[in-house]
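Chemist: Handing over input_38.cif, mmCIF, C-alpha atoms and all ligand atoms.
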```
data_upload
#
loop_
_atom_site.group_PDB
_atom_site.id
_atom_site.type_symbol
_atom_site.label_atom_id
_atom_site.label_comp_id
_atom_site.auth_asym_id
_atom_site.auth_seq_id
_atom_site.Cartn_x
_atom_site.Cartn_y
_atom_site.Cartn_z
ATOM 1 C CA MET A 1 0.000 0.000 0.000
ATOM 2 C CA LYS A 2 1.194 3.498 -0.838
ATOM 3 C CA ARG A 3 2.165 5.673 2.123
ATOM 4 C CA LYS A 4 -0.312 8.251 3.363
ATOM 5 C CA GLU A 5 1.121 11.572 2.183
ATOM 6 C CA LYS A 6 1.041 14.439 4.668
ATOM 7 C CA ILE A 7 2.210 17.494 2.810
ATOM 8 C CA ILE A 8 3.159 20.938 4.087
ATOM 9 C CA VAL A 9 3.078 23.596 1.357
ATOM 10 C CA THR A 10 5.397 26.455 2.175
ATOM 11 C CA SER A 11 7.836 29.248 1.318
ATOM 12 C CA LEU A 12 9.292 32.026 3.404
ATOM 13 C CA LYS A 13 8.099 34.463 0.753
ATOM 14 C CA GLY A 14 4.528 35.737 0.606
ATOM 15 C CA GLY A 15 2.338 35.699 -2.481
ATOM 16 C CA VAL A 16 4.197 32.989 -4.412
ATOM 17 C CA GLY A 17 1.180 30.669 -4.658
ATOM 18 C CA LYS A 18 1.234 28.474 -1.540
ATOM 19 C CA SER A 19 -2.542 28.641 -1.091
ATOM 20 C CA THR A 20 -3.153 28.236 -4.829
ATOM 21 C CA VAL A 21 -1.000 25.103 -4.963
ATOM 22 C CA SER A 22 -2.465 23.713 -1.706
ATOM 23 C CA ALA A 23 -6.088 24.054 -2.838
ATOM 24 C CA SER A 24 -5.526 22.840 -6.400
ATOM 25 C CA VAL A 25 -3.398 19.827 -5.436
ATOM 26 C CA ALA A 26 -5.979 18.849 -2.803
ATOM 27 C CA ALA A 27 -8.726 19.178 -5.437
ATOM 28 C CA ALA A 28 -6.769 17.075 -7.936
ATOM 29 C CA MET A 29 -6.303 14.299 -5.355
ATOM 30 C CA ALA A 30 -9.965 14.429 -4.294
ATOM 31 C CA GLU A 31 -11.022 14.172 -7.956
ATOM 32 C CA LYS A 32 -9.287 10.804 -8.065
ATOM 33 C CA GLY A 33 -11.597 9.614 -5.304
ATOM 34 C CA MET A 34 -9.104 10.079 -2.475
ATOM 35 C CA LYS A 35 -10.238 11.363 0.930
ATOM 36 C CA VAL A 36 -8.179 14.544 1.200
ATOM 37 C CA LEU A 37 -7.873 16.748 4.229
ATOM 38 C CA LEU A 38 -6.989 20.374 3.339
ATOM 39 C CA VAL A 39 -5.817 22.281 6.420
ATOM 40 C CA ASP A 40 -5.417 26.043 6.600
ATOM 41 C CA LEU A 41 -2.370 26.738 8.776
ATOM 42 C CA ASP A 42 -1.948 30.327 7.609
ATOM 43 C CA PHE A 43 -3.320 31.812 10.827
ATOM 44 C CA ARG A 44 -2.624 35.395 9.728
ATOM 45 C CA SER A 45 -4.372 35.524 6.381
ATOM 46 C CA ARG A 46 -6.684 32.474 6.324
ATOM 47 C CA SER A 47 -6.862 32.710 2.507
ATOM 48 C CA LEU A 48 -8.201 29.237 1.826
ATOM 49 C CA GLU A 49 -11.669 29.933 3.195
ATOM 50 C CA LEU A 50 -11.988 32.762 0.651
ATOM 51 C CA MET A 51 -10.466 30.837 -2.258
ATOM 52 C CA THR A 52 -12.743 27.845 -1.612
ATOM 53 C CA GLY A 53 -15.876 29.922 -1.019
ATOM 54 C CA THR A 54 -16.469 28.372 2.410
ATOM 55 C CA CYS A 55 -16.457 31.492 4.654
ATOM 56 C CA ASP A 56 -20.212 31.453 5.229
ATOM 57 C CA ARG A 57 -20.222 27.802 6.235
ATOM 58 C CA ILE A 58 -17.550 27.974 8.941
ATOM 59 C CA ILE A 59 -18.737 27.324 12.485
ATOM 60 C CA PHE A 60 -15.720 25.573 14.009
ATOM 61 C CA ASN A 61 -12.020 25.664 13.205
ATOM 62 C CA LEU A 62 -8.771 23.944 14.148
ATOM 63 C CA TYR A 63 -8.686 25.722 17.516
ATOM 64 C CA ASP A 64 -12.151 24.402 18.440
ATOM 65 C CA TYR A 65 -11.028 20.910 17.456
ATOM 66 C CA MET A 66 -7.847 21.192 19.528
ATOM 67 C CA ALA A 67 -9.766 22.537 22.539
ATOM 68 C CA ASP A 68 -12.283 19.658 22.293
ATOM 69 C CA ARG A 69 -15.081 22.084 21.494
ATOM 70 C CA SER A 70 -15.881 20.217 18.275
ATOM 71 C CA ASP A 71 -15.139 16.849 16.693
ATOM 72 C CA ALA A 72 -13.832 16.061 13.204
ATOM 73 C CA GLU A 73 -17.294 15.773 11.698
ATOM 74 C CA ARG A 74 -18.413 19.182 12.895
ATOM 75 C CA THR A 75 -15.092 20.905 12.175
ATOM 76 C CA LEU A 76 -14.490 19.752 8.611
ATOM 77 C CA ILE A 77 -16.304 21.407 5.721
ATOM 78 C CA SER A 78 -16.987 19.398 2.593
ATOM 79 C CA ILE A 79 -16.011 21.137 -0.647
ATOM 80 C CA PRO A 80 -17.355 19.302 -3.698
ATOM 81 C CA VAL A 81 -15.012 18.731 -6.642
ATOM 82 C CA LYS A 82 -15.534 16.568 -9.727
ATOM 83 C CA GLU A 83 -16.290 12.999 -8.553
ATOM 84 C CA GLY A 84 -15.393 13.741 -4.942
ATOM 85 C CA ALA A 85 -14.961 16.246 -2.139
ATOM 86 C CA ILE A 86 -12.210 17.894 -0.124
ATOM 87 C CA MET A 87 -12.489 17.901 3.680
ATOM 88 C CA PHE A 88 -11.482 21.434 4.691
ATOM 89 C CA CYS A 89 -10.270 22.428 8.165
ATOM 90 C CA PRO A 90 -10.456 26.220 8.670
ATOM 91 C CA ALA A 91 -7.829 28.134 10.650
ATOM 92 C CA PRO A 92 -8.390 30.218 13.777
ATOM 93 C CA ASP A 93 -6.923 33.716 14.038
ATOM 94 C CA GLU A 94 -3.234 33.678 15.002
ATOM 95 C CA ASP A 95 -3.921 35.134 18.469
ATOM 96 C CA VAL A 96 -6.385 32.438 19.517
ATOM 97 C CA LEU A 97 -3.873 29.631 20.052
ATOM 98 C CA GLY A 98 -1.901 30.249 23.238
ATOM 99 C CA PRO A 99 -1.590 29.166 26.856
ATOM 100 C CA GLU A 100 -4.279 31.592 28.005
ATOM 101 C CA ASN A 101 -6.854 29.793 25.833
ATOM 102 C CA GLY A 102 -5.661 26.201 26.203
ATOM 103 C CA PRO A 103 -4.082 24.595 23.124
ATOM 104 C CA VAL A 104 -0.750 26.008 21.938
ATOM 105 C CA TYR A 105 1.041 25.919 18.572
ATOM 106 C CA GLU A 106 3.198 22.994 19.694
ATOM 107 C CA ASN A 107 0.040 20.858 19.977
ATOM 108 C CA ILE A 108 -0.749 21.213 16.258
ATOM 109 C CA PRO A 109 1.125 18.091 15.017
ATOM 110 C CA ASP A 110 -0.679 15.824 17.513
ATOM 111 C CA ALA A 111 -4.014 17.447 16.689
ATOM 112 C CA LEU A 112 -3.420 16.844 12.984
ATOM 113 C CA LYS A 113 -2.499 13.205 13.624
ATOM 114 C CA LYS A 114 -5.803 12.760 15.471
ATOM 115 C CA LEU A 115 -7.775 14.652 12.807
ATOM 116 C CA THR A 116 -6.218 12.525 10.057
ATOM 117 C CA GLU A 117 -7.184 9.373 11.917
ATOM 118 C CA GLU A 118 -10.730 10.476 12.783
ATOM 119 C CA SER A 119 -11.502 11.777 9.300
ATOM 120 C CA GLY A 120 -10.121 8.664 7.589
ATOM 121 C CA ALA A 121 -8.066 10.880 5.242
ATOM 122 C CA ASP A 122 -5.859 9.194 2.615
ATOM 123 C CA ALA A 123 -3.801 12.367 2.175
ATOM 124 C CA VAL A 124 -3.338 15.658 4.016
ATOM 125 C CA VAL A 125 -2.394 18.986 2.422
ATOM 126 C CA CYS A 126 -1.484 21.850 4.781
ATOM 127 C CA ASP A 127 -1.235 25.439 3.585
ATOM 128 C CA SER A 128 1.144 27.622 5.569
ATOM 129 C CA GLY A 129 1.861 31.320 5.892
ATOM 130 C CA ALA A 130 5.123 32.937 4.805
ATOM 131 C CA GLU A 131 6.907 32.016 8.031
ATOM 132 C CA SER A 132 8.977 29.126 9.264
ATOM 133 C CA PHE A 133 7.709 28.198 12.738
ATOM 134 C CA VAL A 134 4.641 26.131 11.841
ATOM 135 C CA PRO A 135 6.203 24.523 8.722
ATOM 136 C CA ARG A 136 9.233 23.456 10.772
ATOM 137 C CA LEU A 137 7.006 22.076 13.521
ATOM 138 C CA LEU A 138 5.143 19.989 10.958
ATOM 139 C CA ALA A 139 8.312 18.937 9.173
ATOM 140 C CA LYS A 140 9.602 17.639 12.480
ATOM 141 C CA GLU A 141 6.534 15.888 13.813
ATOM 142 C CA PHE A 142 3.887 15.348 11.151
ATOM 143 C CA ALA A 143 4.703 15.788 7.461
ATOM 144 C CA THR A 144 5.992 13.110 5.096
ATOM 145 C CA MET A 145 6.720 15.721 2.468
ATOM 146 C CA ALA A 146 7.217 19.455 2.011
ATOM 147 C CA ILE A 147 6.379 21.366 -1.147
ATOM 148 C CA VAL A 148 8.347 24.571 -1.510
ATOM 149 C CA VAL A 149 6.622 26.969 -3.900
ATOM 150 C CA SER A 150 8.557 29.497 -5.946
ATOM 151 C CA GLY A 151 7.623 32.160 -8.426
ATOM 152 C CA GLN A 152 10.033 33.286 -11.126
ATOM 153 C CA SER A 153 11.532 36.310 -9.373
ATOM 154 C CA ARG A 154 15.015 36.311 -7.874
ATOM 155 C CA THR A 155 13.576 36.995 -4.417
ATOM 156 C CA ALA A 156 11.154 34.065 -4.684
ATOM 157 C CA ILE A 157 13.880 31.694 -5.853
ATOM 158 C CA ARG A 158 16.197 32.762 -3.018
ATOM 159 C CA ALA A 159 13.350 32.307 -0.503
ATOM 160 C CA ALA A 160 12.638 28.823 -1.904
ATOM 161 C CA GLU A 161 16.268 27.849 -1.604
ATOM 162 C CA ILE A 162 16.459 29.030 2.036
ATOM 163 C CA THR A 163 13.109 27.429 2.897
ATOM 164 C CA ALA A 164 14.219 24.072 1.477
ATOM 165 C CA GLN A 165 17.504 24.196 3.368
ATOM 166 C CA LYS A 166 15.800 25.002 6.666
ATOM 167 C CA LEU A 167 13.265 22.196 6.256
ATOM 168 C CA ALA A 168 15.877 19.636 5.291
ATOM 169 C CA ALA A 169 17.843 20.609 8.406
ATOM 170 C CA VAL A 170 14.832 19.957 10.648
ATOM 171 C CA ARG A 171 14.466 16.329 9.667
ATOM 172 C CA ASP A 172 16.816 14.113 7.762
ATOM 173 C CA GLY A 173 15.008 12.205 5.052
ATOM 174 C CA LEU A 174 12.068 14.621 4.731
ATOM 175 C CA ASP A 175 10.989 14.619 1.112
ATOM 176 C CA VAL A 176 11.330 18.242 -0.046
ATOM 177 C CA ARG A 177 10.013 19.097 -3.537
ATOM 178 C CA LEU A 178 9.741 22.240 -5.609
ATOM 179 C CA VAL A 179 6.655 23.580 -7.383
ATOM 180 C CA ILE A 180 7.312 26.411 -9.791
ATOM 181 C CA ASN A 181 4.249 28.637 -9.915
ATOM 182 C CA ASP A 182 3.013 31.443 -12.137
ATOM 183 C CA PHE A 183 5.590 30.505 -14.746
ATOM 184 C CA ASP A 184 5.742 32.856 -17.731
ATOM 185 C CA VAL A 185 7.551 31.150 -20.568
ATOM 186 C CA SER A 186 7.790 34.286 -22.740
ATOM 187 C CA LEU A 187 9.622 36.203 -20.012
ATOM 188 C CA ALA A 188 11.981 33.264 -19.506
ATOM 189 C CA ASN A 189 12.702 33.073 -23.250
ATOM 190 C CA LEU A 190 13.392 36.805 -23.366
ATOM 191 C CA GLY A 191 15.842 36.370 -20.496
ATOM 192 C CA VAL A 192 13.885 38.844 -18.372
ATOM 193 C CA ARG A 193 12.952 36.195 -15.813
ATOM 194 C CA ALA A 194 14.571 32.930 -14.757
ATOM 195 C CA GLY A 195 14.097 29.806 -16.858
ATOM 196 C CA LEU A 196 13.043 26.418 -15.514
ATOM 197 C CA LEU A 197 16.462 24.785 -15.363
ATOM 198 C CA GLU A 198 17.941 27.834 -13.707
ATOM 199 C CA MET A 199 15.260 27.777 -11.015
ATOM 200 C CA ILE A 200 15.582 24.072 -10.313
ATOM 201 C CA ASP A 201 19.354 24.385 -10.217
ATOM 202 C CA GLU A 202 19.336 27.347 -7.839
ATOM 203 C CA CYS A 203 16.846 25.815 -5.413
ATOM 204 C CA SER A 204 18.623 22.437 -5.460
ATOM 205 C CA VAL A 205 15.288 20.687 -4.951
ATOM 206 C CA ARG A 206 13.614 18.106 -7.178
ATOM 207 C CA CYS A 207 10.845 19.756 -9.192
ATOM 208 C CA VAL A 208 7.467 18.045 -8.915
ATOM 209 C CA GLY A 209 5.289 20.497 -10.825
ATOM 210 C CA VAL A 210 5.100 23.628 -12.955
ATOM 211 C CA TYR A 211 2.022 25.855 -12.903
ATOM 212 C CA PRO A 212 1.891 28.308 -15.837
ATOM 213 C CA HIS A 213 0.643 31.863 -15.396
ATOM 214 C CA ASP A 214 -3.149 31.606 -15.577
ATOM 215 C CA ASP A 215 -5.126 34.799 -16.313
ATOM 216 C CA ARG A 216 -8.370 33.174 -15.131
ATOM 217 C CA LEU A 217 -7.080 32.258 -11.683
ATOM 218 C CA PRO A 218 -7.229 35.503 -9.616
ATOM 219 C CA ALA A 219 -10.851 36.269 -10.572
ATOM 220 C CA ALA A 220 -11.962 32.685 -9.834
ATOM 221 C CA GLN A 221 -10.248 32.787 -6.439
ATOM 222 C CA ASP A 222 -11.865 36.129 -5.636
ATOM 223 C CA LYS A 223 -15.240 34.510 -6.313
ATOM 224 C CA GLY A 224 -14.369 31.523 -4.119
ATOM 225 C CA VAL A 225 -14.445 29.104 -7.042
ATOM 226 C CA LEU A 226 -11.980 26.231 -7.404
ATOM 227 C CA LEU A 227 -11.205 25.866 -11.095
ATOM 228 C CA SER A 228 -11.881 22.373 -12.420
ATOM 229 C CA GLU A 229 -10.827 23.067 -16.035
ATOM 230 C CA GLY A 230 -7.950 24.963 -17.634
ATOM 231 C CA ILE A 231 -4.183 25.099 -17.232
ATOM 232 C CA THR A 232 -4.098 25.407 -13.435
ATOM 233 C CA SER A 233 -6.202 22.255 -13.055
ATOM 234 C CA VAL A 234 -4.040 20.392 -15.553
ATOM 235 C CA ALA A 235 -0.859 21.478 -13.759
ATOM 236 C CA ALA A 236 -2.378 20.496 -10.396
ATOM 237 C CA ARG A 237 -3.377 17.041 -11.702
ATOM 238 C CA ASN A 238 0.152 16.437 -13.011
ATOM 239 C CA THR A 239 1.658 17.631 -9.731
ATOM 240 C CA ALA A 240 -0.689 15.482 -7.626
ATOM 241 C CA ALA A 241 0.074 12.401 -9.752
ATOM 242 C CA ARG A 242 3.799 12.904 -9.338
ATOM 243 C CA LEU A 243 3.469 13.520 -5.585
ATOM 244 C CA LEU A 244 1.627 10.223 -5.341
ATOM 245 C CA GLY A 245 4.476 8.458 -7.092
ATOM 246 C CA ASP A 246 3.035 8.146 -10.622
ATOM 247 C CA SER A 247 5.399 8.771 -13.463
ATOM 248 C CA VAL A 248 3.801 11.439 -15.650
ATOM 249 C CA PRO A 249 5.465 14.038 -17.878
ATOM 250 C CA LEU A 250 5.842 17.459 -16.220
ATOM 251 C CA PHE A 251 3.893 19.139 -19.037
ATOM 252 C CA ARG A 252 1.248 16.500 -19.771
ATOM 253 C CA GLY A 253 -1.711 18.324 -21.338
ATOM 254 C CA LEU A 254 0.215 21.621 -21.474
ATOM 255 C CA ASP A 255 1.387 21.359 -25.072
ATOM 256 C CA ARG A 256 1.389 25.083 -25.824
ATOM 257 C CA LEU A 257 3.678 25.721 -22.894
ATOM 258 C CA ARG A 258 5.965 22.789 -23.692
ATOM 259 C CA SER A 259 6.353 23.825 -27.315
ATOM 260 C CA LYS A 260 7.652 27.258 -26.269
ATOM 261 C CA ILE A 261 10.078 26.171 -23.562
ATOM 262 C CA ARG A 262 13.768 26.585 -24.356
ATOM 263 C CA LEU A 263 15.974 24.812 -21.871
HETATM 264 N N1 LIG A 301 -0.314 30.484 -11.630
HETATM 265 C C1 LIG A 301 -0.859 31.677 -11.373
HETATM 266 N N2 LIG A 301 -1.319 32.456 -12.380
HETATM 267 C C2 LIG A 301 -1.875 33.669 -12.122
HETATM 268 N N3 LIG A 301 -2.040 34.183 -10.889
HETATM 269 C C3 LIG A 301 -1.607 33.455 -9.845
HETATM 270 C C4 LIG A 301 -0.981 32.166 -10.023
HETATM 271 N N4 LIG A 301 -0.675 31.675 -8.792
HETATM 272 C C5 LIG A 301 -1.071 32.597 -7.904
HETATM 273 N N5 LIG A 301 -1.621 33.665 -8.509
HETATM 274 C C6 LIG A 301 -2.165 34.867 -7.849
HETATM 275 O O1 LIG A 301 -1.172 35.396 -6.982
HETATM 276 C C7 LIG A 301 -1.746 35.802 -5.750
HETATM 277 C C8 LIG A 301 -1.037 35.081 -4.606
HETATM 278 O O2 LIG A 301 -1.345 33.682 -4.662
HETATM 279 P P1 LIG A 301 -1.544 32.858 -3.317
HETATM 280 O O3 LIG A 301 -2.504 33.550 -2.411
HETATM 281 O O4 LIG A 301 -1.842 31.462 -3.700
HETATM 282 O O5 LIG A 301 -0.065 32.975 -2.714
HETATM 283 P P2 LIG A 301 0.409 32.659 -1.232
HETATM 284 O O6 LIG A 301 1.837 32.259 -1.325
HETATM 285 O O7 LIG A 301 -0.516 31.708 -0.605
HETATM 286 O O8 LIG A 301 0.270 34.082 -0.528
HETATM 287 P P3 LIG A 301 0.393 34.396 1.042
HETATM 288 O O9 LIG A 301 1.845 34.398 1.367
HETATM 289 O O10 LIG A 301 -0.248 35.744 1.186
HETATM 290 O O11 LIG A 301 -0.340 33.308 1.774
HETATM 291 C C9 LIG A 301 -3.241 35.505 -5.834
HETATM 292 O O12 LIG A 301 -3.909 36.683 -6.189
HETATM 293 C C10 LIG A 301 -3.349 34.489 -6.952
HETATM 294 O O13 LIG A 301 -4.565 34.587 -7.636
HETATM 295 MG MG MG A 302 -1.554 31.842 1.231
#
```
What would the structure in this file look like if it were written as structure tokens?
Modeler:
Amino acid sequence: MKRKEKIIVTSLKGGVGKSTVSASVAAAMAEKGMKVLLVDLDFRSRSLELMTGTCDRIIFNLYDYMADRSDAERTLISIPVKEGAIMFCPAPDEDVLGPENGPVYENIPDALKKLTEESGADAVVCDSGAESFVPRLLAKEFATMAIVVSGQSRTAIRAAEITAQKLAAVRDGLDVRLVINDFDVSLANLGVRAGLLEMIDECSVRCVGVYPHDDRLPAAQDKGVLLSEGITSVAARNTAARLLGDSVPLFRGLDRLRSKIRL
């Protein structure tokens, strides 16, 4: 039997696509009929509840679960996707967790182990904020894998490199992979922005997915709609397949992008 993947999606840099990759990879896995737990661990921004259109349905969150004020069934929100559903765990505000209220940040890995068990999840995808405390905690005590997300800018690539190094130092043998997001092939070909090989080389992490720039994405996310068609979905399906150990080409179904890439 394949191992149960518990993935932390991270980067020390903000706005590179951590939440986009988390939600779309979770959706791609759920589409295959897997029971996927998507956990919002970005306690500052809590973007996933907006991107998934679940704000109005939230009653309980991870804090309530940790404080025994709700169980898995009442905490998790079902988000339908083609042929399946994601189980979404909303985040509390960053100030709620703390000794004065009971559960503390250090309890998160144990809480996630219990939530995984109780929900019967086959895979767990955790979105993080642009910080290192929670990702490192999970890398140490919960995750089987870390996805470091990078955009094409120098600052994003540097942040990805540092993030990967820090995570690898936390636990020997942690699978750390790179997802290149918002990739603009024209800018790479013009030499204005980094190319794929350059990015993979600089981050020194095995690349597991490339998401092209997608004009449709920001508006869909603002409406709280998870895209089920188009280049982001295709990229997410390829990434999910590779994360689950299937051997699929990096650009399967992305022929226009592949035809333009100069390595
Ligand atoms: N592949 C893409 N194509 C076009 N726009 C994108 C792409 N990926 C992300 N974006 C846009 O970039 C913005 C940042 O994305 P996202 O919120 O996923 O990043 P993040 O790393 O989670 O940010 P934060 O650090 O604030 O949590 C969003 O407006 C999103 O719509
Ligand atoms: Mg985010």
Chemist: Padding 3 Å on every side, please: axis-aligned box over the listed atoms of ligand LIG 301 (chain A), centre and edge lengths to one decimal in Å, as AutoDock Vina command-line options.
Modeler:
```
--center_x -1.4 --center_y 33.6 --center_z -5.3 --size_x 12.4 --size_y 12.2 --size_z 20.2
```
Chemist: Using all atoms listed in the file, find each residue with an atom at most 6 Å away from ligand LIG 301 (chain A) and format the answer as a ChimeraX atom specification.
Modeler: /A:14-20,129-130,181-182,211-215,217-218
Chemist: When you look at stretch 162-165 of chain A with a cut-off of 9 Å (counting all atoms listed in the file), what residues show up, excluding the ones that are within fewer than 2 positions of it in the same chain? I need them as a list in words.
Modeler: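 Everything that qualifies: Thr10, Ser11, Leu12, Lys13, Ser132, Ala146, Ile147, Val148, Ile157, Arg158, Ala159, Ala160, Leu167, Ala168, Ala169, Val170, Val176, Arg177, Leu178, Cys203, Ser204 and Val205 of chain A.
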Chemist: On this structure, the PyMOL selection byres (((chain A and resi 118-120) around 12) and not hetatm) would catch which residues? List them as an MDAnalysis selection string, sorted by chain and number.
Modeler: chainID A and resid 4 34:38 65 71:78 86:89 111:117 121:124
Chemist: In terms of the shortest atom-to-atom distance over only C-alpha atoms, which of A:Val210, A:Met51, A:Ile108, A:Val149 is closest to A:Ser233?
Modeler: A:Val210
Chemist: My list of candidates is A:Val248, A:Ala188, A:Leu41, A:Leu227. Which is closest to A:Gly53 when distances are computed with only C-alpha atoms?
Modeler: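 Ranked by minimum distance to A:Gly53, first place goes to A:Leu227.
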Chemist: Using Å and a single decimal, report how far atom CA of A:Thr144 sits from atom CA of A:Leu50.
Modeler: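 One can read the atom CA of A:Leu50 to atom CA of A:Thr144 distance as 27.0 Å.
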Chemist: Go through A:Lys166, A:Lys2, A:Arg154, A:Arg44 one by one, measure the shortest atom-to-atom distance of each to ligand MG 302 (chain A) using only C-alpha atoms and all ligand atoms, and give the residue with the smallest value.
Modeler: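 Closest to ligand MG 302 (chain A), using only C-alpha atoms and all ligand atoms: A:Arg44.
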Chemist: From the list A:Ser47, A:Gln221, A:Ser22, A:Ser70, which residue is nearest ligand MG 302 (chain A) when using only C-alpha atoms and all ligand atoms?
Modeler: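 The answer is A:Ser47, which sits nearest to ligand MG 302 (chain A).
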Chemist: Which residue, A:Leu137, A:Leu48, A:Ala219, A:Leu197, has the smallest gap to ligand MG 302 (chain A) when you use all atoms listed in the file?
Modeler: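 Of the candidates, the smallest distance to ligand MG 302 (chain A) is held by A:Leu48.
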Chemist: Determine the nearest neighbour of ligand MG 302 (chain A) from the options A:Ala27, A:Leu138, A:Val9, A:Leu62, counting all atoms listed in the file.
Modeler: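 Residue with the minimum atom-to-atom distance to ligand MG 302 (chain A): A:Val9.
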Chemist: For a test of reading the model, state the distance in Å between atom CA of A:Ser153 and atom CA of A:Phe43, rounded to one decimal.
Modeler: 25.5 Å
